[in-house]
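Student: Below you'll find my_file_34.cif; it's mmCIF, C-alpha atoms, pLDDT in the B column; chains and numbers go by the auth columns.
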```
data_input
loop_
_atom_site.group_PDB
_atom_site.id
_atom_site.type_symbol
_atom_site.label_atom_id
_atom_site.label_comp_id
_atom_site.label_asym_id
_atom_site.label_seq_id
_atom_site.Cartn_x
_atom_site.Cartn_y
_atom_site.Cartn_z
_atom_site.B_iso_or_equiv
_atom_site.auth_seq_id
_atom_site.auth_asym_id
ATOM 1 C CA MET A 1 -215.063 59.615 210.322 45.00 1 J
ATOM 2 C CA THR A 2 -213.154 61.605 207.748 45.00 2 J
ATOM 3 C CA SER A 3 -214.204 60.610 204.298 62.00 3 J
ATOM 4 C CA SER A 4 -211.321 62.625 202.871 89.00 4 J
ATOM 5 C CA ASN A 5 -209.068 59.616 203.399 97.00 5 J
ATOM 6 C CA VAL A 6 -208.987 56.669 201.008 98.00 6 J
ATOM 7 C CA GLY A 7 -211.102 53.775 202.279 98.00 7 J
ATOM 8 C CA ILE A 8 -209.708 50.288 202.836 98.00 8 J
ATOM 9 C CA VAL A 9 -211.640 47.074 202.197 98.00 9 J
ATOM 10 C CA ILE A 10 -210.322 43.673 203.275 98.00 10 J
ATOM 11 C CA VAL A 11 -211.663 40.614 201.434 98.00 11 J
ATOM 12 C CA SER A 12 -210.643 37.176 202.665 98.00 12 J
ATOM 13 C CA HIS A 13 -212.012 33.668 202.218 97.00 13 J
ATOM 14 C CA SER A 14 -212.068 33.482 205.995 97.00 14 J
ATOM 15 C CA LYS A 15 -214.278 35.680 208.133 96.00 15 J
ATOM 16 C CA ASP A 16 -211.717 35.429 210.939 96.00 16 J
ATOM 17 C CA VAL A 17 -208.804 36.486 208.740 97.00 17 J
ATOM 18 C CA ALA A 18 -210.782 39.448 207.425 98.00 18 J
ATOM 19 C CA ARG A 19 -211.814 40.518 210.917 98.00 19 J
ATOM 20 C CA GLY A 20 -208.312 40.012 212.311 98.00 20 J
ATOM 21 C CA ALA A 21 -206.678 42.006 209.541 98.00 21 J
ATOM 22 C CA ALA A 22 -209.193 44.804 210.052 98.00 22 J
ATOM 23 C CA GLU A 23 -208.488 44.755 213.772 98.00 23 J
ATOM 24 C CA MET A 24 -204.772 45.171 213.097 97.00 24 J
ATOM 25 C CA VAL A 25 -205.473 48.179 210.892 97.00 25 J
ATOM 26 C CA ARG A 26 -207.723 49.780 213.512 97.00 26 J
ATOM 27 C CA GLN A 27 -205.286 49.245 216.381 95.00 27 J
ATOM 28 C CA MET A 28 -202.095 50.077 214.519 95.00 28 J
ATOM 29 C CA VAL A 29 -203.234 52.936 212.332 96.00 29 J
ATOM 30 C CA GLY A 30 -206.296 54.362 214.031 94.00 30 J
ATOM 31 C CA PRO A 31 -209.869 55.406 213.398 95.00 31 J
ATOM 32 C CA GLU A 32 -209.285 58.045 210.718 95.00 32 J
ATOM 33 C CA VAL A 33 -209.335 55.603 207.805 97.00 33 J
ATOM 34 C CA PRO A 34 -212.694 54.333 206.496 98.00 34 J
ATOM 35 C CA LEU A 35 -212.431 50.565 206.844 98.00 35 J
ATOM 36 C CA ALA A 36 -214.616 47.558 206.116 98.00 36 J
ATOM 37 C CA HIS A 37 -214.024 43.848 205.816 98.00 37 J
ATOM 38 C CA CYS A 38 -215.819 40.751 204.615 98.00 38 J
ATOM 39 C CA GLY A 39 -215.059 37.064 204.413 96.00 39 J
ATOM 40 C CA GLY A 40 -216.659 33.678 204.250 93.00 40 J
ATOM 41 C CA ASP A 41 -219.534 32.508 202.084 88.00 41 J
ATOM 42 C CA PRO A 42 -223.161 33.176 203.093 83.00 42 J
ATOM 43 C CA GLY A 43 -223.431 29.617 204.457 87.00 43 J
ATOM 44 C CA GLY A 44 -220.687 30.243 207.001 87.00 44 J
ATOM 45 C CA GLY A 45 -217.933 28.348 205.207 94.00 45 J
ATOM 46 C CA LEU A 46 -214.814 29.609 203.490 96.00 46 J
ATOM 47 C CA GLY A 47 -215.410 31.768 200.477 96.00 47 J
ATOM 48 C CA THR A 48 -216.217 35.246 199.275 96.00 48 J
ATOM 49 C CA SER A 49 -219.390 36.781 197.948 95.00 49 J
ATOM 50 C CA VAL A 50 -219.852 39.594 195.483 96.00 50 J
ATOM 51 C CA GLU A 51 -222.730 40.957 197.520 96.00 51 J
ATOM 52 C CA SER A 52 -220.694 41.168 200.750 96.00 52 J
ATOM 53 C CA ILE A 53 -217.823 42.814 198.891 97.00 53 J
ATOM 54 C CA MET A 54 -220.168 45.433 197.420 98.00 54 J
ATOM 55 C CA LYS A 55 -221.543 46.092 200.886 98.00 55 J
ATOM 56 C CA ALA A 56 -218.043 46.473 202.307 98.00 56 J
ATOM 57 C CA ILE A 57 -217.069 48.899 199.550 98.00 57 J
ATOM 58 C CA ALA A 58 -220.175 50.985 200.312 98.00 58 J
ATOM 59 C CA GLU A 59 -219.340 50.935 204.023 98.00 59 J
ATOM 60 C CA ALA A 60 -215.756 52.102 203.511 98.00 60 J
ATOM 61 C CA TRP A 61 -216.682 54.508 200.731 97.00 61 J
ATOM 62 C CA SER A 62 -214.700 57.696 200.413 97.00 62 J
ATOM 63 C CA GLU A 63 -214.775 60.324 197.689 96.00 63 J
ATOM 64 C CA GLN A 64 -211.021 59.737 197.477 97.00 64 J
ATOM 65 C CA GLY A 65 -211.698 56.130 196.520 98.00 65 J
ATOM 66 C CA VAL A 66 -211.293 52.699 198.028 98.00 66 J
ATOM 67 C CA ALA A 67 -208.330 50.307 198.024 98.00 67 J
ATOM 68 C CA VAL A 68 -209.264 46.620 198.224 98.00 68 J
ATOM 69 C CA LEU A 69 -206.943 44.004 199.734 98.00 69 J
ATOM 70 C CA VAL A 70 -207.668 40.369 198.831 97.00 70 J
ATOM 71 C CA ASP A 71 -206.239 36.973 199.653 96.00 71 J
ATOM 72 C CA LEU A 72 -206.653 34.139 197.140 92.00 72 J
ATOM 73 C CA GLY A 73 -208.158 33.659 193.661 89.00 73 J
ATOM 74 C CA GLY A 74 -211.898 34.019 194.219 92.00 74 J
ATOM 75 C CA ALA A 75 -211.439 36.978 196.516 95.00 75 J
ATOM 76 C CA GLU A 76 -209.840 38.805 193.616 96.00 76 J
ATOM 77 C CA THR A 77 -212.264 37.717 190.880 96.00 77 J
ATOM 78 C CA ASN A 78 -215.300 38.390 193.065 97.00 78 J
ATOM 79 C CA SER A 79 -213.861 41.784 193.998 98.00 79 J
ATOM 80 C CA GLU A 80 -213.404 42.560 190.305 97.00 80 J
ATOM 81 C CA MET A 81 -217.011 41.569 189.741 97.00 81 J
ATOM 82 C CA ALA A 82 -218.193 43.697 192.655 98.00 82 J
ATOM 83 C CA ILE A 83 -216.320 46.692 191.252 98.00 83 J
ATOM 84 C CA GLU A 84 -217.875 46.152 187.810 97.00 84 J
ATOM 85 C CA MET A 85 -221.323 46.206 189.375 97.00 85 J
ATOM 86 C CA LEU A 86 -220.768 49.547 191.121 97.00 86 J
ATOM 87 C CA PRO A 87 -222.388 52.703 189.775 95.00 87 J
ATOM 88 C CA ALA A 88 -220.285 54.136 186.965 94.00 88 J
ATOM 89 C CA GLU A 89 -219.244 57.191 188.974 94.00 89 J
ATOM 90 C CA ARG A 90 -217.745 54.982 191.686 96.00 90 J
ATOM 91 C CA ARG A 91 -216.237 52.215 189.574 96.00 91 J
ATOM 92 C CA ASP A 92 -213.102 54.106 188.605 96.00 92 J
ATOM 93 C CA ARG A 93 -212.306 54.984 192.193 98.00 93 J
ATOM 94 C CA VAL A 94 -211.925 51.434 193.481 98.00 94 J
ATOM 95 C CA VAL A 95 -208.705 49.475 192.960 98.00 95 J
ATOM 96 C CA ILE A 96 -207.520 46.022 193.976 98.00 96 J
ATOM 97 C CA CYS A 97 -204.004 46.085 195.412 97.00 97 J
ATOM 98 C CA ASN A 98 -201.511 43.438 194.382 95.00 98 J
ATOM 99 C CA ALA A 99 -200.228 43.039 197.921 96.00 99 J
ATOM 100 C CA PRO A 100 -200.349 40.580 200.822 96.00 100 J
ATOM 101 C CA ILE A 101 -203.684 41.047 202.563 97.00 101 J
ATOM 102 C CA VAL A 102 -202.621 41.789 206.148 97.00 102 J
ATOM 103 C CA GLU A 103 -199.406 43.682 205.545 95.00 103 J
ATOM 104 C CA GLY A 104 -200.878 45.447 202.540 96.00 104 J
ATOM 105 C CA ALA A 105 -203.895 46.593 204.541 98.00 105 J
ATOM 106 C CA VAL A 106 -201.711 48.096 207.288 97.00 106 J
ATOM 107 C CA MET A 107 -199.399 49.792 204.764 96.00 107 J
ATOM 108 C CA ALA A 108 -202.305 51.102 202.697 97.00 108 J
ATOM 109 C CA ALA A 109 -204.102 52.411 205.772 97.00 109 J
ATOM 110 C CA THR A 110 -200.975 54.122 207.074 97.00 110 J
ATOM 111 C CA GLU A 111 -200.588 55.871 203.731 97.00 111 J
ATOM 112 C CA SER A 112 -204.279 56.740 203.629 97.00 112 J
ATOM 113 C CA SER A 113 -204.194 58.220 207.133 96.00 113 J
ATOM 114 C CA ALA A 114 -201.951 60.988 205.818 94.00 114 J
ATOM 115 C CA GLY A 115 -204.529 61.957 203.213 95.00 115 J
ATOM 116 C CA SER A 116 -202.633 60.439 200.278 96.00 116 J
ATOM 117 C CA SER A 117 -204.293 59.787 196.920 97.00 117 J
ATOM 118 C CA LEU A 118 -205.682 56.401 195.908 98.00 118 J
ATOM 119 C CA ALA A 119 -202.747 55.873 193.535 97.00 119 J
ATOM 120 C CA THR A 120 -200.248 56.565 196.327 97.00 120 J
ATOM 121 C CA VAL A 121 -202.091 54.311 198.760 97.00 121 J
ATOM 122 C CA ARG A 122 -202.069 51.496 196.216 97.00 122 J
ATOM 123 C CA GLY A 123 -198.415 52.160 195.403 96.00 123 J
ATOM 124 C CA THR A 124 -197.418 51.886 199.063 96.00 124 J
ATOM 125 C CA ALA A 125 -199.279 48.592 199.509 96.00 125 J
ATOM 126 C CA GLU A 126 -197.765 47.190 196.331 95.00 126 J
ATOM 127 C CA GLU A 127 -194.257 48.345 197.233 93.00 127 J
ATOM 128 C CA LEU A 128 -194.159 45.284 199.495 81.00 128 J
ATOM 129 C CA TYR A 129 -194.251 42.975 196.515 75.00 129 J
ATOM 130 C CA ALA A 130 -191.608 45.027 194.764 74.00 130 J
ATOM 131 C CA GLY A 131 -189.072 43.153 196.873 60.00 131 J
ATOM 132 C CA SER A 132 -187.914 45.925 199.170 50.00 132 J
ATOM 133 C CA ILE A 133 -188.661 43.901 202.309 48.00 133 J
ATOM 134 C CA VAL A 134 -186.966 40.641 201.395 47.00 134 J
ATOM 135 C CA PRO A 135 -183.268 41.141 200.623 43.00 135 J
ATOM 136 C CA MET B 1 -191.171 80.906 206.377 51.00 136 Y
ATOM 137 C CA SER B 2 -187.941 80.237 204.561 52.00 137 Y
ATOM 138 C CA ALA B 3 -186.676 76.737 203.889 64.00 138 Y
ATOM 139 C CA THR B 4 -184.427 75.398 206.583 93.00 139 Y
ATOM 140 C CA SER B 5 -182.672 72.188 207.417 96.00 140 Y
ATOM 141 C CA ALA B 6 -182.265 70.372 210.695 97.00 141 Y
ATOM 142 C CA ALA B 7 -180.745 67.157 211.960 97.00 142 Y
ATOM 143 C CA GLY B 8 -180.706 65.167 215.160 97.00 143 Y
ATOM 144 C CA SER B 9 -180.188 61.733 216.590 97.00 144 Y
ATOM 145 C CA VAL B 10 -181.790 59.818 219.402 97.00 145 Y
ATOM 146 C CA LEU B 11 -181.127 56.506 221.138 96.00 146 Y
ATOM 147 C CA MET B 12 -184.073 54.138 220.820 95.00 147 Y
ATOM 148 C CA LYS B 13 -184.688 52.316 224.096 93.00 148 Y
ATOM 149 C CA HIS B 14 -187.968 50.693 223.134 91.00 149 Y
ATOM 150 C CA PRO B 15 -187.556 46.989 224.039 90.00 150 Y
ATOM 151 C CA VAL B 16 -188.760 45.627 220.725 89.00 151 Y
ATOM 152 C CA GLY B 17 -187.149 48.284 218.574 90.00 152 Y
ATOM 153 C CA LEU B 18 -188.734 49.808 215.531 92.00 153 Y
ATOM 154 C CA HIS B 19 -191.356 47.107 215.041 91.00 154 Y
ATOM 155 C CA ALA B 20 -194.695 47.460 213.305 92.00 155 Y
ATOM 156 C CA ARG B 21 -196.656 49.775 215.596 93.00 156 Y
ATOM 157 C CA PRO B 22 -193.790 52.200 216.282 95.00 157 Y
ATOM 158 C CA SER B 23 -193.050 52.300 212.553 96.00 158 Y
ATOM 159 C CA VAL B 24 -196.644 53.266 211.813 96.00 159 Y
ATOM 160 C CA LYS B 25 -196.562 55.969 214.505 96.00 160 Y
ATOM 161 C CA LEU B 26 -193.271 57.376 213.311 97.00 161 Y
ATOM 162 C CA THR B 27 -194.389 57.433 209.684 97.00 162 Y
ATOM 163 C CA LYS B 28 -197.732 59.023 210.518 96.00 163 Y
ATOM 164 C CA LEU B 29 -196.025 61.740 212.536 97.00 164 Y
ATOM 165 C CA ALA B 30 -193.466 62.352 209.772 98.00 165 Y
ATOM 166 C CA LYS B 31 -196.277 62.742 207.271 96.00 166 Y
ATOM 167 C CA THR B 32 -197.788 65.594 209.264 96.00 167 Y
ATOM 168 C CA PHE B 33 -194.816 67.769 208.258 97.00 168 Y
ATOM 169 C CA GLY B 34 -194.450 69.321 204.854 96.00 169 Y
ATOM 170 C CA CYS B 35 -190.676 69.123 204.787 97.00 170 Y
ATOM 171 C CA ARG B 36 -188.612 66.256 203.467 98.00 171 Y
ATOM 172 C CA ILE B 37 -187.528 63.931 206.285 98.00 172 Y
ATOM 173 C CA ASP B 38 -184.931 61.196 206.022 98.00 173 Y
ATOM 174 C CA MET B 39 -183.771 58.789 208.668 98.00 174 Y
ATOM 175 C CA ALA B 40 -180.956 56.291 209.115 97.00 175 Y
ATOM 176 C CA GLN B 41 -179.475 53.841 211.590 95.00 176 Y
ATOM 177 C CA HIS B 42 -176.001 55.223 211.002 93.00 177 Y
ATOM 178 C CA ALA B 43 -174.853 58.804 210.585 92.00 178 Y
ATOM 179 C CA ALA B 44 -173.209 57.754 207.329 94.00 179 Y
ATOM 180 C CA GLY B 45 -176.504 56.369 205.988 92.00 180 Y
ATOM 181 C CA PRO B 46 -178.040 54.763 204.054 95.00 181 Y
ATOM 182 C CA TRP B 47 -180.863 57.286 204.467 97.00 182 Y
ATOM 183 C CA ILE B 48 -184.456 56.393 203.827 97.00 183 Y
ATOM 184 C CA ASP B 49 -187.646 58.424 203.502 97.00 184 Y
ATOM 185 C CA ALA B 50 -189.180 58.620 207.005 98.00 185 Y
ATOM 186 C CA LYS B 51 -192.610 59.073 205.397 97.00 186 Y
ATOM 187 C CA SER B 52 -192.460 55.682 203.681 96.00 187 Y
ATOM 188 C CA ILE B 53 -194.029 53.074 205.947 95.00 188 Y
ATOM 189 C CA VAL B 54 -192.611 50.241 203.830 94.00 189 Y
ATOM 190 C CA LYS B 55 -189.058 51.581 204.081 95.00 190 Y
ATOM 191 C CA VAL B 56 -189.270 52.478 207.779 96.00 191 Y
ATOM 192 C CA MET B 57 -190.524 49.000 208.635 93.00 192 Y
ATOM 193 C CA ALA B 58 -187.879 47.403 206.448 92.00 193 Y
ATOM 194 C CA LEU B 59 -185.180 49.086 208.563 93.00 194 Y
ATOM 195 C CA LYS B 60 -185.918 46.562 211.335 91.00 195 Y
ATOM 196 C CA ALA B 61 -183.959 48.763 213.697 93.00 196 Y
ATOM 197 C CA PRO B 62 -183.439 46.920 216.994 93.00 197 Y
ATOM 198 C CA ARG B 63 -183.341 48.309 220.528 93.00 198 Y
ATOM 199 C CA ASP B 64 -180.388 50.542 221.346 94.00 199 Y
ATOM 200 C CA THR B 65 -180.137 51.742 217.784 95.00 200 Y
ATOM 201 C CA THR B 66 -179.338 55.414 217.435 96.00 201 Y
ATOM 202 C CA LEU B 67 -181.808 56.781 214.953 97.00 202 Y
ATOM 203 C CA HIS B 68 -180.647 59.721 212.893 98.00 203 Y
ATOM 204 C CA PHE B 69 -183.062 62.220 211.415 98.00 204 Y
ATOM 205 C CA ARG B 70 -182.502 64.984 208.939 97.00 205 Y
ATOM 206 C CA ALA B 71 -185.122 67.269 207.524 98.00 206 Y
ATOM 207 C CA GLU B 72 -185.171 69.895 204.849 98.00 207 Y
ATOM 208 C CA GLY B 73 -187.822 72.491 204.194 97.00 208 Y
ATOM 209 C CA GLU B 74 -190.493 74.274 206.133 95.00 209 Y
ATOM 210 C CA GLY B 75 -190.795 73.104 209.720 96.00 210 Y
ATOM 211 C CA ALA B 76 -187.593 71.038 209.533 97.00 211 Y
ATOM 212 C CA ALA B 77 -186.501 71.803 213.090 97.00 212 Y
ATOM 213 C CA ASP B 78 -189.954 71.041 214.499 97.00 213 Y
ATOM 214 C CA ALA B 79 -190.074 67.773 212.572 98.00 214 Y
ATOM 215 C CA VAL B 80 -186.739 66.530 213.916 98.00 215 Y
ATOM 216 C CA LYS B 81 -187.733 67.610 217.410 98.00 216 Y
ATOM 217 C CA ALA B 82 -191.114 65.893 217.264 98.00 217 Y
ATOM 218 C CA LEU B 83 -189.759 62.637 215.824 98.00 218 Y
ATOM 219 C CA SER B 84 -186.922 62.503 218.354 98.00 219 Y
ATOM 220 C CA ALA B 85 -189.403 63.113 221.161 97.00 220 Y
ATOM 221 C CA LEU B 86 -191.624 60.269 219.920 97.00 221 Y
ATOM 222 C CA VAL B 87 -188.672 57.866 220.008 96.00 222 Y
ATOM 223 C CA GLN B 88 -187.685 59.142 223.463 95.00 223 Y
ATOM 224 C CA ARG B 89 -191.217 58.522 224.705 95.00 224 Y
ATOM 225 C CA ASN B 90 -190.901 54.910 223.516 94.00 225 Y
ATOM 226 C CA PHE B 91 -193.556 55.674 220.916 94.00 226 Y
ATOM 227 C CA ASP B 92 -196.070 56.196 223.753 91.00 227 Y
ATOM 228 C CA GLU B 93 -196.262 52.436 224.167 86.00 228 Y
ATOM 229 C CA ASP B 94 -195.216 52.187 227.818 74.00 229 Y
ATOM 230 C CA HIS B 95 -198.624 53.277 228.970 60.00 230 Y
ATOM 231 C CA ALA B 96 -200.420 50.993 226.518 53.00 231 Y
ATOM 232 C CA ASP B 97 -198.351 48.003 227.620 49.00 232 Y
ATOM 233 C CA ALA B 98 -199.026 48.736 231.269 44.00 233 Y
ATOM 234 C CA ALA B 99 -202.732 49.052 230.601 43.00 234 Y
ATOM 235 C CA THR B 100 -202.987 45.692 228.852 43.00 235 Y
ATOM 236 C CA SER B 101 -200.733 43.683 231.119 35.00 236 Y
#
```
In structure tokens, what does this structure look like?
Tutor:
Amino acid sequence: MTSSNVGIVIVSHSKDVARGAAEMVRQMVGPEVPLAHCGGDPGGGLGTSVESIMKAIAEAWSEQGVAVLVDLGGAETNSEMAIEMLPAERRDRVVICNAPIVEGAVMAATESSAGSSLATVRGTAEELYAGSIVP
Amino acid sequence: MSATSAAGSVLMKHPVGLHARPSVKLTKLAKTFGCRIDMAQHAAGPWIDAKSIVKVMALKAPRDTTLHFRAEGEGAADAVKALSALVQRNFDEDHADAATS
């Protein structure tokens, strides 16, 4: 595993969505991008947990930083909370991308695989929402 | 090595065209070169950055599209050659499809 590439974390309310999105990244982009995913609440239902998100960020950690892809509301607020709880030296190197979770994860990982910076990785994921796909 | 430019075109025979996986492969390969690489579905353009996964995927180039490449800078000729070869090899997906079917 090269930790010189930006890590990708996928946070969904659904364990299956998170796992499926991660699988797409692995198969389409490859093994050179640090990747982790989490989804579902600790009881097995739909939801997200700050603790799981923090664990996922640690798992996908790269000195280049980590880009987080989220689905709905709580996934974002819990991710924000998880980032706030990180050690100070890591906090500034984790960003949440304003992008669709599956497509954003694949785009971000593709960008990361080339060794791009965290800002570039985030920019590529967010380019989707900039309207370039839909005419 | 001095800056150079190169161009080439290749007919894409991949059955599904430039869909998600081929787009990722093409972009990743393009990013391994330091030179600027543009691509287009028509010789007259519009040209897009072959290193931008979002733009390459947005091309939605179907089968039998002739993809045009042009590169400028160090390694330009190698870049055009490598990208054209990837398209000619159907993005190395023939083997993968055979293995999973």
Student: My list of candidates is J:Val29, J:Met81, J:Val102, J:Ala21. Which is closest to chain Y when distances are computed with only C-alpha atoms?
Tutor: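 Using only C-alpha atoms, the shortest distance to chain Y belongs to J:Val29.
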Student: Per residue of chain J within 9 Å of chain Y, note the shortest atom pair and the distance in Å to one decimal, counting all atoms listed in the file, and order the rows by chain and increasing residue number, as a tab-separated table.
Tutor:
```
residue	atom	partner	partner_atom	distance
J:Gln27	CA	Y:Arg156	CA	8.7
J:Met28	CA	Y:Arg156	CA	5.6
J:Val29	CA	Y:Val159	CA	6.6
J:Val106	CA	Y:Val159	CA	8.5
J:Met107	CA	Y:Ile188	CA	6.4
J:Thr110	CA	Y:Val159	CA	6.5
J:Glu111	CA	Y:Ile188	CA	7.5
J:Ser113	CA	Y:Lys163	CA	7.3
J:Ala114	CA	Y:Lys166	CA	6.1
J:Thr124	CA	Y:Val189	CA	7.0
J:Ala125	CA	Y:Val189	CA	8.1
J:Glu127	CA	Y:Val189	CA	7.1
J:Leu128	CA	Y:Val189	CA	6.8
J:Ser132	CA	Y:Ala193	CA	7.4
J:Ile133	CA	Y:Ala193	CA	5.5
J:Val134	CA	Y:Ala193	CA	8.5
```
Student: Determine, counting all atoms listed in the file, which protein, DNA and RNA residues have an atom within 12 Å of an atom of segment 44-47 of chain J; residues of the same chain fewer than 3 positions away are not included. Present the result as a ChimeraX atom specification.
Tutor: /J:11-18,38-41,50,52-53,70-78
Student: May I have the selected residues written with C-alpha atoms, as a PDB file, keeping the file's coordinate frame?
Tutor:
```
ATOM      1  CA  VAL J  11    -211.663  40.614 201.434  1.00 98.00           C
ATOM      2  CA  SER J  12    -210.643  37.176 202.665  1.00 98.00           C
ATOM      3  CA  HIS J  13    -212.012  33.668 202.218  1.00 97.00           C
ATOM      4  CA  SER J  14    -212.068  33.482 205.995  1.00 97.00           C
ATOM      5  CA  LYS J  15    -214.278  35.680 208.133  1.00 96.00           C
ATOM      6  CA  ASP J  16    -211.717  35.429 210.939  1.00 96.00           C
ATOM      7  CA  VAL J  17    -208.804  36.486 208.740  1.00 97.00           C
ATOM      8  CA  ALA J  18    -210.782  39.448 207.425  1.00 98.00           C
ATOM      9  CA  CYS J  38    -215.819  40.751 204.615  1.00 98.00           C
ATOM     10  CA  GLY J  39    -215.059  37.064 204.413  1.00 96.00           C
ATOM     11  CA  GLY J  40    -216.659  33.678 204.250  1.00 93.00           C
ATOM     12  CA  ASP J  41    -219.534  32.508 202.084  1.00 88.00           C
ATOM     13  CA  VAL J  50    -219.852  39.594 195.483  1.00 96.00           C
ATOM     14  CA  SER J  52    -220.694  41.168 200.750  1.00 96.00           C
ATOM     15  CA  ILE J  53    -217.823  42.814 198.891  1.00 97.00           C
ATOM     16  CA  VAL J  70    -207.668  40.369 198.831  1.00 97.00           C
ATOM     17  CA  ASP J  71    -206.239  36.973 199.653  1.00 96.00           C
ATOM     18  CA  LEU J  72    -206.653  34.139 197.140  1.00 92.00           C
ATOM     19  CA  GLY J  73    -208.158  33.659 193.661  1.00 89.00           C
ATOM     20  CA  GLY J  74    -211.898  34.019 194.219  1.00 92.00           C
ATOM     21  CA  ALA J  75    -211.439  36.978 196.516  1.00 95.00           C
ATOM     22  CA  GLU J  76    -209.840  38.805 193.616  1.00 96.00           C
ATOM     23  CA  THR J  77    -212.264  37.717 190.880  1.00 96.00           C
ATOM     24  CA  ASN J  78    -215.300  38.390 193.065  1.00 97.00           C
TER      25      ASN J  78
END
```
Student: As an exercise, work out the distance from atom CA of Ile96 of chain J to atom CA of Ile8 of chain J in Å and give it to one decimal place.
Tutor: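 Calculated distance between atom CA of Ile96 of chain J and atom CA of Ile8 of chain J is 10.1 Å.
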Student: Separation of atom CA of Asn225 of chain Y and atom CA of Gly208 of chain Y, in Å?
Tutor: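 Taking atom CA of Asn225 of chain Y as the start and atom CA of Gly208 of chain Y as the end point, the length is 26.3 Å.
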Student: Atom CA of Gly143 of chain Y and atom CA of Asp227 of chain Y are how many Å apart?
Tutor: 19.8 Å
Student: Excluding same-chain residues fewer than 5 positions from Arg122 of chain J, what lies within 9 Å of it counting only C-alpha atoms, as an mmCIF file with C-alpha atoms, in the frame of the given file?
Tutor:
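Output file part-v3.cif follows:
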```cif
data_model
loop_
_atom_site.group_PDB
_atom_site.id
_atom_site.type_symbol
_atom_site.label_atom_id
_atom_site.label_comp_id
_atom_site.auth_asym_id
_atom_site.auth_seq_id
_atom_site.Cartn_x
_atom_site.Cartn_y
_atom_site.Cartn_z
ATOM 1 C CA ALA J 67 -208.330 50.307 198.024
ATOM 2 C CA VAL J 68 -209.264 46.620 198.224
ATOM 3 C CA VAL J 95 -208.705 49.475 192.960
ATOM 4 C CA ILE J 96 -207.520 46.022 193.976
ATOM 5 C CA CYS J 97 -204.004 46.085 195.412
ATOM 6 C CA ASN J 98 -201.511 43.438 194.382
ATOM 7 C CA ALA J 99 -200.228 43.039 197.921
ATOM 8 C CA GLY J 104 -200.878 45.447 202.540
ATOM 9 C CA ALA J 108 -202.305 51.102 202.697
ATOM 10 C CA GLU J 111 -200.588 55.871 203.731
ATOM 11 C CA SER J 117 -204.293 59.787 196.920
ATOM 12 C CA GLU J 127 -194.257 48.345 197.233
#
```
Student: First collect every listed atom of segment 57-73 of chain J; then fit an axis-aligned box around them, widen it by 5 Å on each side, and give centre and edge lengths in Å to one decimal, as AutoDock Vina command-line options.
Tutor:
```
--center_x -213.2 --center_y 47.0 --center_z 198.8 --size_x 23.9 --size_y 36.7 --size_z 20.4
```
Student: Kindly resolve the PyMOL selection byres ((chain Y and resi 171-185) around 6) on the present coordinates and return the residues as a list in words.
Tutor: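 Applied to this file, the PyMOL selection byres ((chain Y and resi 171-185) around 6) selects Thr162, Cys170, Lys186, Ser187, Leu202, His203, Phe204, Arg205, Ala206 and Glu207 of chain Y.
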Student: Of the candidates J:Arg26, J:Arg93, J:Arg19, J:His37, which one gets nearest to Ser49 of chain J if we count all atoms listed in the file?
Tutor: J:His37
Student: Name the closest residue to Val66 of chain J among the candidates J:Pro34, J:Gly123, J:Pro42, J:Gly20; distances are taken between atoms, counting all atoms listed in the file.
Tutor: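 With all atoms listed in the file as the atom set, the closest residue is J:Pro34.
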Student: Run the PyMOL selection byres ((chain Y and resi 222) around 8) mentally over the shown coordinates, then write out the matched residues as a PDB file with C-alpha atoms, in the coordinates of the input, using the chain letters and numbers from the document.
Tutor:
```
ATOM      1  CA  VAL Y 145    -181.790  59.818 219.402  1.00 97.00           C
ATOM      2  CA  LEU Y 146    -181.127  56.506 221.138  1.00 96.00           C
ATOM      3  CA  MET Y 147    -184.073  54.138 220.820  1.00 95.00           C
ATOM      4  CA  LYS Y 148    -184.688  52.316 224.096  1.00 93.00           C
ATOM      5  CA  HIS Y 149    -187.968  50.693 223.134  1.00 91.00           C
ATOM      6  CA  LEU Y 218    -189.759  62.637 215.824  1.00 98.00           C
ATOM      7  CA  SER Y 219    -186.922  62.503 218.354  1.00 98.00           C
ATOM      8  CA  ALA Y 220    -189.403  63.113 221.161  1.00 97.00           C
ATOM      9  CA  LEU Y 221    -191.624  60.269 219.920  1.00 97.00           C
ATOM     10  CA  GLN Y 223    -187.685  59.142 223.463  1.00 95.00           C
ATOM     11  CA  ARG Y 224    -191.217  58.522 224.705  1.00 95.00           C
ATOM     12  CA  ASN Y 225    -190.901  54.910 223.516  1.00 94.00           C
ATOM     13  CA  PHE Y 226    -193.556  55.674 220.916  1.00 94.00           C
TER      14      PHE Y 226
END
```
Student: Of the residues Y:Leu161, Y:Ala217, Y:Gly152, Y:Asp229, which is the one nearest to Arg198 of chain Y, using only C-alpha atoms?
Tutor: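 That would be Y:Gly152, the residue with the smallest distance to Arg198 of chain Y.
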